[in-house]
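Worksheet: one structure, shown below.
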Amino acid sequence: MSTRQASGSDEPRIEHRDQLAAPMQAGEKPASAWRIGTEHEKLVYKTTDHRAPSYGEQGGIRDILMSMRQFGWAPVEEAGPSGKVDVIAMSGQDGTISLEPAGQLELSGAPLETLHQTCAETGRHLTQVKTVGEDCNVGFLGLGMWPDKAREDLPVMPKQRYEIMMRHMPRVGSLGLDMMLRTCTIQVNLDYSSEADMVKKFRTGLALQPLATALFANSPFTEGKPNGFLSYRSHIWSDTDPHRTGMLPFVFEDGFGYDRYVDYMLDVPMYFVYRDGKYHDAAGLSFRDFMKGELSILPGELPTESDWWDHLSTAFPEVRLKSFLEMRGADGGPWNRICALPALWVGLLYDETALDAAWDLVKDWSMEEREVLRNAVPAQGLDAAIPGGGALRDLAREVLDIAHAGLAARGRLNSMGDNETGFLNPLRQIVDSGKVPAQVLLDKYHGEWGRDISRIYEESF
C-alpha cells in the first residue's frame with residue numbers, strides 16, 4: 001500500500017470534476033517510455049519460534065527497517081496513532097520498502113525498462129533482507145497468506161491510516177481484516193500510450209486476471225490446516241468491501257475510459273484525509289461531498305490533488321487504474337515467481353500483436369462468464385472451467401505462448417544475449433506439472449510434513 005511522505009495542505013485545490021482525470025491522462029507515455037514496476041510482499045517471522053515480530057521489540061520490524069540503512073536506504077517517518085513519530089518505510093534507488101498492516105514487508109520497486117533489471121532489483125532486495133534477517137533473527141516466507149496465524153496472533157503497525165481502515169473493515173465485510181493482516185501479494189504496474197490503449201490493456205488484464213490468480217495460487221492454509229482453497233487470499237476479496245473490489249463490469253461496456261473510471265472512484269466511499277501530518281477518519285464519507293466543500297470532518301475545505309491520489313489508492317479491484325495500470329491478482333511467492341508475474345503481463349500487454357491475440361481469446365466472454373471464472377479459481381485453480389468449454393489450464397498454454405512471443409518481439413537482451421522469455425519458465429513448469437504452487441504445498445502437508453504446518457518454515461523464500 002502506498003506510503004504518503006508529505007502533506008497536501010499547500011497544494012492547489014480540486015474545484016472541477018475535469019481535474020479528476022488528470023492523473024490518468026498524465027500517465028500516457030510513448031512505448032519507448034513504458035516501464036515495469038513490480039511490488040512484492042513477504043511474511044516476516046522470528047526464527048526462534050515462528051511468531052510475527054512486533055514493531056518495537058528488539059529485532060522487530062522497526063529494527064529491520066533501520067538495518068536497511070547499511071544498503072543506502074533512508075527512513076521515512078510518520079506520527080503514529082499515539083502521536084509518536086515512527087519509521088514507516090525506507091526510501092532508496094530501488095524504490096520504497098514499506099509496511100503492510102501486520103508487518104508484512106513490501107518492496108515497491110522502481111520503474112524499470114526491462115525484466116532483466118526487474119529481476120536484478122528483486123535479487124538485490126532479497127539478498128539485503130536476508131542479511132538483515134540474520135542480524136535480527138527473522139526469516140521471510142513467500143506465501144499468499146499466513147499459514148498458521150490467527151488475527152489475534154498478529155501485531156498491528158503504527159500507521160494512522162491502518163487504524164482507520166481496521167475500524168471500518170468489519171462494517172462492510174467479514175474478511176477485510178484478514179486481507180489487511182494475513183495476506184501477501186505480488187503486483188505489477190504497467191504503462192499505456194493513450195486512453196484507447198489503457199482501455200484495451202485494462203480489459204485484457206481484467207479478463208485474464210483469474211489466470212494469474214490460478215498460476216500464482218499459494219495460500220491453501222488457514223490457522224494450520226487446509227482451508228479448502230488454493231488461493232484463499234483471492235477468496236478473501238469476495239467479502240472485504242463490495243464498494244471497492246471485484247471485476248468491474250463497466251470496464252467492458254461501450255464508452256469506458258478515464259471519465260467512467262472517475263465515476264467509479266467517486267462512488268467508492270472514502271477512508272481518510274491527510275492534513276498536516278495526520279490522517280483524519282473519513283470512512284464511509286463521499287468524495288463528491290468533499291468536492292463541494294461539504295465533507296463533515298473538514299467543512300468548507302476542498303480536496304487537493306494528493307487527496308484524490310490517496311483516494312485512488314483505496315479501491316482494490318482486480319486491476320486498478322491510477323497513472324498506470326496495476327495487475328493485482330497474484331498471491332505472494334518465492335523469488336523466481338516474483339520475476340515471472342511481470343514477465344507474463346509485459347509479454348501480453350507491451351507488444352501490440354500479443355495484446356491483440358490475448359484480447360481475441362477473451363473478448364467474446366460475457367460478464368457472467370467472467371464472474372463465474374473469477375469465483376471458481378480460488379478453489380479450483382487451473383481446473384476451473386472456461387467459457388466455451390475446457391479448463392483454465394488449456395487457456396494457460398495459449399496465453400503463455402502469446403506472452404512468450406510478445407517478450408521475444410520486444411528483443412530486450414541482457415549482457416549474455418538472452419531475451420526476456422526465460423522469466424516465463426516457472427509458469428510453464430506449473431502448467432506442465434498440472435499443479436499450482438498451493439497444490440504442491442498441500443501434497444507436502446499430507447505427505448512428508450505429516451500434517452505439521454511448521455514444516456512450511458523450512459521452505460526457501
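The chains in the C-alpha cells are called A, B, ... from first to last as shown; in each chain the residues are counted from 1, and the ligands are counted from 1 in the order shown.
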
Review point. Which polymer residues have any atom within 7 Å of an atom of Val273 in chain A, counting only C-alpha atoms, with same-chain residues fewer than 5 positions away left out, as number ranges by chain?
Key: A: 279-282, 307

Give me every alpha helix (DSSP H) residue in range 120-330 of chain A, going by DSSP on the backbone, as a JSON list (two decimals) with N, CA and C atoms, in the first residue's frame.
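File states.json, as written:
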[["chain", "number", "residue", "atom", "x", "y", "z"],
["A", 120, "ALA", "N", 16.94, -8.32, -11.36],
["A", 120, "ALA", "CA", 18.14, -7.92, -10.61],
["A", 120, "ALA", "C", 17.75, -7.12, -9.38],
["A", 121, "GLU", "N", 16.78, -6.23, -9.52],
["A", 121, "GLU", "CA", 16.30, -5.46, -8.38],
["A", 121, "GLU", "C", 15.74, -6.38, -7.31],
["A", 122, "THR", "N", 14.94, -7.35, -7.72],
["A", 122, "THR", "CA", 14.37, -8.31, -6.78],
["A", 122, "THR", "C", 15.47, -9.09, -6.07],
["A", 123, "GLY", "N", 16.47, -9.52, -6.82],
["A", 123, "GLY", "CA", 17.57, -10.26, -6.22],
["A", 123, "GLY", "C", 18.34, -9.43, -5.22],
["A", 124, "ARG", "N", 18.60, -8.16, -5.55],
["A", 124, "ARG", "CA", 19.28, -7.27, -4.60],
["A", 124, "ARG", "C", 18.48, -7.15, -3.31],
["A", 125, "HIS", "N", 17.19, -6.93, -3.46],
["A", 125, "HIS", "CA", 16.35, -6.74, -2.28],
["A", 125, "HIS", "C", 16.34, -7.98, -1.39],
["A", 126, "LEU", "N", 16.18, -9.13, -1.99],
["A", 126, "LEU", "CA", 16.10, -10.36, -1.18],
["A", 126, "LEU", "C", 17.44, -10.65, -0.51],
["A", 127, "THR", "N", 18.54, -10.36, -1.19],
["A", 127, "THR", "CA", 19.85, -10.52, -0.56],
["A", 127, "THR", "C", 19.98, -9.59, 0.65],
["A", 128, "GLN", "N", 19.52, -8.37, 0.48],
["A", 128, "GLN", "CA", 19.60, -7.41, 1.57],
["A", 128, "GLN", "C", 18.75, -7.82, 2.77],
["A", 129, "VAL", "N", 17.50, -8.21, 2.51],
["A", 129, "VAL", "CA", 16.63, -8.54, 3.65],
["A", 129, "VAL", "C", 17.08, -9.84, 4.34],
["A", 130, "LYS", "N", 17.67, -10.75, 3.59],
["A", 130, "LYS", "CA", 18.20, -11.95, 4.24],
["A", 130, "LYS", "C", 19.38, -11.62, 5.13],
["A", 131, "THR", "N", 20.23, -10.68, 4.68],
["A", 131, "THR", "CA", 21.34, -10.24, 5.52],
["A", 131, "THR", "C", 20.82, -9.60, 6.80],
["A", 132, "VAL", "N", 19.85, -8.72, 6.66],
["A", 132, "VAL", "CA", 19.24, -8.08, 7.83],
["A", 132, "VAL", "C", 18.53, -9.11, 8.69],
["A", 133, "GLY", "N", 17.90, -10.08, 8.06],
["A", 133, "GLY", "CA", 17.21, -11.12, 8.81],
["A", 133, "GLY", "C", 18.13, -11.90, 9.72],
["A", 134, "GLU", "N", 19.32, -12.18, 9.26],
["A", 134, "GLU", "CA", 20.29, -12.89, 10.10],
["A", 134, "GLU", "C", 20.66, -12.07, 11.32],
["A", 135, "ASP", "N", 20.78, -10.75, 11.13],
["A", 135, "ASP", "CA", 21.12, -9.88, 12.26],
["A", 135, "ASP", "C", 19.97, -9.77, 13.26],
["A", 136, "CYS", "N", 18.75, -9.80, 12.75],
["A", 136, "CYS", "CA", 17.57, -9.59, 13.61],
["A", 136, "CYS", "C", 16.88, -10.90, 13.99],
["A", 160, "GLN", "N", -1.22, 5.53, 10.90],
["A", 160, "GLN", "CA", -2.54, 6.08, 11.19],
["A", 160, "GLN", "C", -3.63, 5.53, 10.26],
["A", 161, "ARG", "N", -3.31, 5.43, 8.98],
["A", 161, "ARG", "CA", -4.34, 5.01, 8.02],
["A", 161, "ARG", "C", -4.81, 3.59, 8.32],
["A", 162, "TYR", "N", -3.92, 2.73, 8.87],
["A", 162, "TYR", "CA", -4.33, 1.37, 9.17],
["A", 162, "TYR", "C", -5.32, 1.33, 10.33],
["A", 163, "GLU", "N", -5.13, 2.21, 11.30],
["A", 163, "GLU", "CA", -6.07, 2.27, 12.41],
["A", 163, "GLU", "C", -7.48, 2.61, 11.91],
["A", 164, "ILE", "N", -7.57, 3.57, 10.98],
["A", 164, "ILE", "CA", -8.86, 3.95, 10.41],
["A", 164, "ILE", "C", -9.46, 2.79, 9.62],
["A", 165, "MET", "N", -8.65, 2.16, 8.78],
["A", 165, "MET", "CA", -9.15, 1.07, 7.95],
["A", 165, "MET", "C", -9.60, -0.12, 8.78],
["A", 166, "MET", "N", -8.87, -0.41, 9.85],
["A", 166, "MET", "CA", -9.24, -1.57, 10.66],
["A", 166, "MET", "C", -10.54, -1.33, 11.42],
["A", 167, "ARG", "N", -10.84, -0.10, 11.76],
["A", 167, "ARG", "CA", -12.14, 0.18, 12.37],
["A", 167, "ARG", "C", -13.26, 0.00, 11.36],
["A", 168, "HIS", "N", -12.98, 0.39, 10.10],
["A", 168, "HIS", "CA", -14.03, 0.41, 9.08],
["A", 168, "HIS", "C", -14.28, -0.97, 8.47],
["A", 169, "MET", "N", -13.26, -1.77, 8.31],
["A", 169, "MET", "CA", -13.40, -3.04, 7.58],
["A", 169, "MET", "C", -14.55, -3.91, 8.09],
["A", 170, "PRO", "N", -14.72, -4.14, 9.39],
["A", 170, "PRO", "CA", -15.81, -5.01, 9.83],
["A", 170, "PRO", "C", -17.21, -4.47, 9.54],
["A", 171, "ARG", "N", -17.32, -3.20, 9.21],
["A", 171, "ARG", "CA", -18.63, -2.63, 8.88],
["A", 171, "ARG", "C", -19.10, -3.04, 7.49],
["A", 172, "VAL", "N", -18.16, -3.43, 6.62],
["A", 172, "VAL", "CA", -18.50, -3.63, 5.21],
["A", 172, "VAL", "C", -18.22, -5.05, 4.70],
["A", 176, "GLY", "N", -12.24, -8.43, 5.63],
["A", 176, "GLY", "CA", -11.35, -7.31, 5.38],
["A", 176, "GLY", "C", -10.15, -7.28, 6.31],
["A", 177, "LEU", "N", -10.34, -7.66, 7.57],
["A", 177, "LEU", "CA", -9.20, -7.68, 8.49],
["A", 177, "LEU", "C", -8.22, -8.78, 8.11],
["A", 178, "ASP", "N", -8.73, -9.88, 7.57],
["A", 178, "ASP", "CA", -7.82, -10.92, 7.07],
["A", 178, "ASP", "C", -7.00, -10.39, 5.90],
["A", 179, "MET", "N", -7.65, -9.65, 5.02],
["A", 179, "MET", "CA", -6.91, -9.05, 3.90],
["A", 179, "MET", "C", -5.77, -8.19, 4.41],
["A", 180, "MET", "N", -6.05, -7.36, 5.39],
["A", 180, "MET", "CA", -5.04, -6.44, 5.89],
["A", 180, "MET", "C", -3.92, -7.15, 6.65],
["A", 181, "LEU", "N", -4.30, -8.07, 7.53],
["A", 181, "LEU", "CA", -3.36, -8.63, 8.48],
["A", 181, "LEU", "C", -2.67, -9.91, 8.00],
["A", 182, "ARG", "N", -3.32, -10.68, 7.16],
["A", 182, "ARG", "CA", -2.82, -12.04, 6.93],
["A", 182, "ARG", "C", -2.37, -12.34, 5.51],
["A", 195, "GLU", "N", -5.64, 6.80, -24.04],
["A", 195, "GLU", "CA", -6.85, 6.30, -23.38],
["A", 195, "GLU", "C", -7.31, 5.00, -24.01],
["A", 196, "ALA", "N", -7.27, 4.93, -25.34],
["A", 196, "ALA", "CA", -7.69, 3.70, -26.03],
["A", 196, "ALA", "C", -6.78, 2.53, -25.67],
["A", 197, "ASP", "N", -5.48, 2.78, -25.58],
["A", 197, "ASP", "CA", -4.53, 1.74, -25.20],
["A", 197, "ASP", "C", -4.78, 1.30, -23.76],
["A", 198, "MET", "N", -5.06, 2.25, -22.87],
["A", 198, "MET", "CA", -5.39, 1.90, -21.49],
["A", 198, "MET", "C", -6.62, 1.00, -21.44],
["A", 199, "VAL", "N", -7.64, 1.34, -22.21],
["A", 199, "VAL", "CA", -8.88, 0.56, -22.19],
["A", 199, "VAL", "C", -8.63, -0.88, -22.62],
["A", 200, "LYS", "N", -7.88, -1.04, -23.70],
["A", 200, "LYS", "CA", -7.63, -2.39, -24.20],
["A", 200, "LYS", "C", -6.81, -3.21, -23.20],
["A", 201, "LYS", "N", -5.80, -2.58, -22.61],
["A", 201, "LYS", "CA", -4.98, -3.28, -21.62],
["A", 201, "LYS", "C", -5.78, -3.58, -20.36],
["A", 202, "PHE", "N", -6.61, -2.64, -19.93],
["A", 202, "PHE", "CA", -7.44, -2.85, -18.74],
["A", 202, "PHE", "C", -8.36, -4.04, -18.97],
["A", 203, "ARG", "N", -9.05, -4.06, -20.09],
["A", 203, "ARG", "CA", -10.00, -5.14, -20.37],
["A", 203, "ARG", "C", -9.30, -6.49, -20.47],
["A", 204, "THR", "N", -8.18, -6.53, -21.18],
["A", 204, "THR", "CA", -7.46, -7.80, -21.32],
["A", 204, "THR", "C", -6.92, -8.27, -19.98],
["A", 205, "GLY", "N", -6.33, -7.35, -19.22],
["A", 205, "GLY", "CA", -5.79, -7.71, -17.92],
["A", 205, "GLY", "C", -6.85, -8.16, -16.96],
["A", 206, "LEU", "N", -8.01, -7.51, -16.98],
["A", 206, "LEU", "CA", -9.09, -7.88, -16.07],
["A", 206, "LEU", "C", -9.67, -9.24, -16.43],
["A", 207, "ALA", "N", -9.89, -9.48, -17.72],
["A", 207, "ALA", "CA", -10.44, -10.77, -18.14],
["A", 207, "ALA", "C", -9.50, -11.93, -17.82],
["A", 208, "LEU", "N", -8.18, -11.69, -17.92],
["A", 208, "LEU", "CA", -7.20, -12.75, -17.69],
["A", 208, "LEU", "C", -6.67, -12.78, -16.26],
["A", 209, "GLN", "N", -7.15, -11.88, -15.41],
["A", 209, "GLN", "CA", -6.65, -11.87, -14.04],
["A", 209, "GLN", "C", -6.90, -13.20, -13.31],
["A", 210, "PRO", "N", -8.04, -13.89, -13.53],
["A", 210, "PRO", "CA", -8.21, -15.20, -12.90],
["A", 210, "PRO", "C", -7.11, -16.20, -13.26],
["A", 211, "LEU", "N", -6.55, -16.08, -14.47],
["A", 211, "LEU", "CA", -5.46, -16.98, -14.84],
["A", 211, "LEU", "C", -4.23, -16.69, -13.99],
["A", 212, "ALA", "N", -3.91, -15.42, -13.78],
["A", 212, "ALA", "CA", -2.78, -15.09, -12.91],
["A", 212, "ALA", "C", -3.03, -15.59, -11.49],
["A", 213, "THR", "N", -4.26, -15.43, -11.01],
["A", 213, "THR", "CA", -4.60, -15.93, -9.68],
["A", 213, "THR", "C", -4.34, -17.43, -9.59],
["A", 214, "ALA", "N", -4.73, -18.18, -10.61],
["A", 214, "ALA", "CA", -4.54, -19.63, -10.60],
["A", 214, "ALA", "C", -3.06, -19.99, -10.66],
["A", 215, "LEU", "N", -2.32, -19.39, -11.56],
["A", 215, "LEU", "CA", -0.90, -19.73, -11.72],
["A", 215, "LEU", "C", -0.09, -19.44, -10.46],
["A", 232, "TYR", "N", -6.67, -18.71, -0.97],
["A", 232, "TYR", "CA", -7.59, -18.13, -0.01],
["A", 232, "TYR", "C", -7.47, -16.61, -0.03],
["A", 233, "ARG", "N", -6.28, -16.11, -0.34],
["A", 233, "ARG", "CA", -6.12, -14.66, -0.47],
["A", 233, "ARG", "C", -7.10, -14.10, -1.49],
["A", 234, "SER", "N", -7.25, -14.76, -2.63],
["A", 234, "SER", "CA", -8.19, -14.29, -3.63],
["A", 234, "SER", "C", -9.63, -14.38, -3.12],
["A", 235, "HIS", "N", -9.95, -15.47, -2.43],
["A", 235, "HIS", "CA", -11.29, -15.62, -1.87],
["A", 235, "HIS", "C", -11.61, -14.49, -0.89],
["A", 236, "ILE", "N", -10.64, -14.07, -0.12],
["A", 236, "ILE", "CA", -10.85, -13.02, 0.88],
["A", 236, "ILE", "C", -11.44, -11.76, 0.25],
["A", 258, "TYR", "N", -11.34, 7.11, -19.13],
["A", 258, "TYR", "CA", -10.96, 7.80, -17.89],
["A", 258, "TYR", "C", -12.18, 8.32, -17.14],
["A", 259, "ASP", "N", -13.11, 8.91, -17.88],
["A", 259, "ASP", "CA", -14.25, 9.55, -17.24],
["A", 259, "ASP", "C", -15.11, 8.53, -16.49],
["A", 260, "ARG", "N", -15.27, 7.37, -17.08],
["A", 260, "ARG", "CA", -16.09, 6.34, -16.42],
["A", 260, "ARG", "C", -15.37, 5.82, -15.19],
["A", 261, "TYR", "N", -14.06, 5.71, -15.23],
["A", 261, "TYR", "CA", -13.34, 5.28, -14.04],
["A", 261, "TYR", "C", -13.42, 6.33, -12.94],
["A", 262, "VAL", "N", -13.41, 7.59, -13.31],
["A", 262, "VAL", "CA", -13.62, 8.66, -12.33],
["A", 262, "VAL", "C", -14.97, 8.49, -11.65],
["A", 263, "ASP", "N", -16.02, 8.21, -12.44],
["A", 263, "ASP", "CA", -17.34, 7.96, -11.85],
["A", 263, "ASP", "C", -17.28, 6.85, -10.81],
["A", 264, "TYR", "N", -16.61, 5.77, -11.17],
["A", 264, "TYR", "CA", -16.46, 4.64, -10.23],
["A", 264, "TYR", "C", -15.79, 5.08, -8.95],
["A", 265, "MET", "N", -14.70, 5.82, -9.08],
["A", 265, "MET", "CA", -13.96, 6.22, -7.88],
["A", 265, "MET", "C", -14.75, 7.22, -7.04],
["A", 266, "LEU", "N", -15.59, 8.02, -7.66],
["A", 266, "LEU", "CA", -16.44, 8.92, -6.88],
["A", 266, "LEU", "C", -17.51, 8.16, -6.13],
["A", 267, "ASP", "N", -17.85, 6.97, -6.63],
["A", 267, "ASP", "CA", -18.82, 6.12, -5.92],
["A", 267, "ASP", "C", -18.17, 5.33, -4.79],
["A", 287, "PHE", "N", -16.46, 11.45, -1.58],
["A", 287, "PHE", "CA", -15.55, 12.40, -2.22],
["A", 287, "PHE", "C", -16.32, 13.46, -2.98],
["A", 288, "ARG", "N", -17.52, 13.15, -3.43],
["A", 288, "ARG", "CA", -18.36, 14.17, -4.09],
["A", 288, "ARG", "C", -18.68, 15.30, -3.12],
["A", 289, "ASP", "N", -19.00, 14.93, -1.88],
["A", 289, "ASP", "CA", -19.26, 15.96, -0.87],
["A", 289, "ASP", "C", -18.00, 16.78, -0.59],
["A", 290, "PHE", "N", -16.87, 16.11, -0.58],
["A", 290, "PHE", "CA", -15.59, 16.79, -0.36],
["A", 290, "PHE", "C", -15.38, 17.85, -1.43],
["A", 291, "MET", "N", -15.70, 17.53, -2.69],
["A", 291, "MET", "CA", -15.51, 18.48, -3.78],
["A", 291, "MET", "C", -16.46, 19.66, -3.70],
["A", 305, "GLU", "N", -4.89, 17.63, -4.99],
["A", 305, "GLU", "CA", -4.52, 16.55, -5.90],
["A", 305, "GLU", "C", -4.06, 15.33, -5.12],
["A", 306, "SER", "N", -3.34, 15.54, -4.03],
["A", 306, "SER", "CA", -2.87, 14.41, -3.23],
["A", 306, "SER", "C", -4.03, 13.67, -2.56],
["A", 307, "ASP", "N", -5.07, 14.40, -2.18],
["A", 307, "ASP", "CA", -6.26, 13.75, -1.62],
["A", 307, "ASP", "C", -6.87, 12.80, -2.64],
["A", 308, "TRP", "N", -6.94, 13.26, -3.88],
["A", 308, "TRP", "CA", -7.50, 12.41, -4.93],
["A", 308, "TRP", "C", -6.59, 11.21, -5.20],
["A", 309, "TRP", "N", -5.28, 11.45, -5.21],
["A", 309, "TRP", "CA", -4.35, 10.34, -5.41],
["A", 309, "TRP", "C", -4.49, 9.32, -4.27],
["A", 310, "ASP", "N", -4.61, 9.81, -3.03],
["A", 310, "ASP", "CA", -4.84, 8.90, -1.91],
["A", 310, "ASP", "C", -6.11, 8.09, -2.13],
["A", 311, "HIS", "N", -7.15, 8.76, -2.57],
["A", 311, "HIS", "CA", -8.43, 8.07, -2.76],
["A", 311, "HIS", "C", -8.32, 7.01, -3.84],
["A", 312, "LEU", "N", -7.60, 7.31, -4.92],
["A", 312, "LEU", "CA", -7.41, 6.31, -5.98],
["A", 312, "LEU", "C", -6.73, 5.05, -5.45]]

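Atom to atom, CA of Glu78 in chain A and CA of Thr96 in chain A stand 14.7 Å apart.
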
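Minimum atom-to-atom distance to Pro426 in chain A, evaluated using only C-alpha atoms, belongs to A:Arg337 out of A:Ile402, A:Leu349, A:Val377, A:Arg337.
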
Review point. Which parts of range 245-359 of chain A does DSSP call strand (DSSP E or B) when run on the backbone here, written out as a PyMOL selection string?
Key: chain A and resi 245-246+272-275+278-281+304+316-317+319-321+325-331

Exercise for review: Considering only C-alpha atoms, state which residue in the set A:Asp383, A:Asp254, A:Asp331, A:Asp241 is at the smallest distance from Gly434 in chain A.
Suggested key: A:Asp383

Review point. Between A:Arg35, A:Lys363, A:Arg374, A:His16, which has the minimum distance to Gly329 in chain A (counting only C-alpha atoms)?
Key: A:Arg374

Review point. Which of these residues is nearest to Gly389 in chain A, using only C-alpha atoms: A:Glu223, A:Asp49, A:Glu369, A:Asp356?
Key: A:Glu369

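Comparing the minimum interatomic distances between Leu115 in chain A and each of A:Asn375, A:Ser67, A:Ser286, A:Thr38, counting only C-alpha atoms, we find that A:Thr38 sits nearest.
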
Practice item. Fewer than 3 positions away in the same chain doesn't count, so skip those; otherwise give me all residues within 6 Å of range 344-347 of chain A, counting only C-alpha atoms, as a PyMOL selection string. Key: chain A and resi 341+350+403+406-407

Practice item. Find the residues near Glu301 in chain A: any atom within 10 Å, counting only C-alpha atoms, skip ones fewer than 6 places away on the same chain, and give them as a PyMOL selection string. Key: chain A and resi 13+290-295

Would you mind listing what lies within 8 Å of range 52-61 of chain A as a compact mmCIF listing (two decimals) with N, CA and C atoms, in the first residue's frame, with only C-alpha atoms counted and same-chain residues fewer than 3 positions away left out?
# COMPACT_ATOMS: atom_id res chain seq x y z
N VAL A 44 7.02 -11.92 7.63
CA VAL A 44 8.21 -11.85 8.48
C VAL A 44 7.94 -12.64 9.75
N TYR A 45 8.89 -13.51 10.13
CA TYR A 45 8.71 -14.32 11.34
C TYR A 45 10.03 -14.43 12.10
N LYS A 46 9.93 -14.60 13.40
CA LYS A 46 11.11 -14.82 14.23
C LYS A 46 11.57 -16.27 14.05
N ILE A 64 14.38 -3.96 11.70
CA ILE A 64 14.60 -4.47 10.34
C ILE A 64 14.70 -3.31 9.35
N LEU A 65 13.75 -2.39 9.45
CA LEU A 65 13.77 -1.23 8.56
C LEU A 65 15.06 -0.43 8.72
N GLY A 103 2.91 -5.97 9.56
CA GLY A 103 4.35 -6.07 9.47
C GLY A 103 4.85 -6.82 8.26
N ASP A 135 20.78 -10.75 11.13
CA ASP A 135 21.12 -9.88 12.26
C ASP A 135 19.97 -9.77 13.26
N CYS A 136 18.75 -9.80 12.75
CA CYS A 136 17.57 -9.59 13.61
C CYS A 136 16.88 -10.90 13.99
N ASN A 137 17.45 -12.03 13.59
CA ASN A 137 16.85 -13.34 13.87
C ASN A 137 15.43 -13.46 13.33
N VAL A 138 15.27 -13.04 12.09
CA VAL A 138 13.98 -13.19 11.43
C VAL A 138 14.18 -13.88 10.08
N ASP A 153 -3.06 -13.24 16.68
CA ASP A 153 -1.64 -13.56 16.84
C ASP A 153 -0.73 -12.49 16.23
N LEU A 154 -1.32 -11.54 15.52
CA LEU A 154 -0.53 -10.65 14.68
C LEU A 154 -0.47 -9.24 15.25
N PRO A 155 0.68 -8.59 15.13
CA PRO A 155 0.81 -7.20 15.58
C PRO A 155 0.17 -6.26 14.57
N VAL A 156 -0.04 -5.03 14.96
CA VAL A 156 -0.53 -4.00 14.05
C VAL A 156 0.50 -2.89 14.02
N MET A 157 0.88 -2.48 12.82
CA MET A 157 1.92 -1.47 12.67
C MET A 157 1.38 -0.07 12.99
N PRO A 158 2.25 0.82 13.47
CA PRO A 158 1.81 2.15 13.91
C PRO A 158 1.67 3.14 12.74

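Closest approach to Leu395 in chain A among A:Leu382, A:Cys339, A:Glu352, A:Pro249: A:Leu382, based on only C-alpha atoms.
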
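Pairwise distance (CA of Pro75 in chain A, CA of Pro111 in chain A) equals 20.3 Å.
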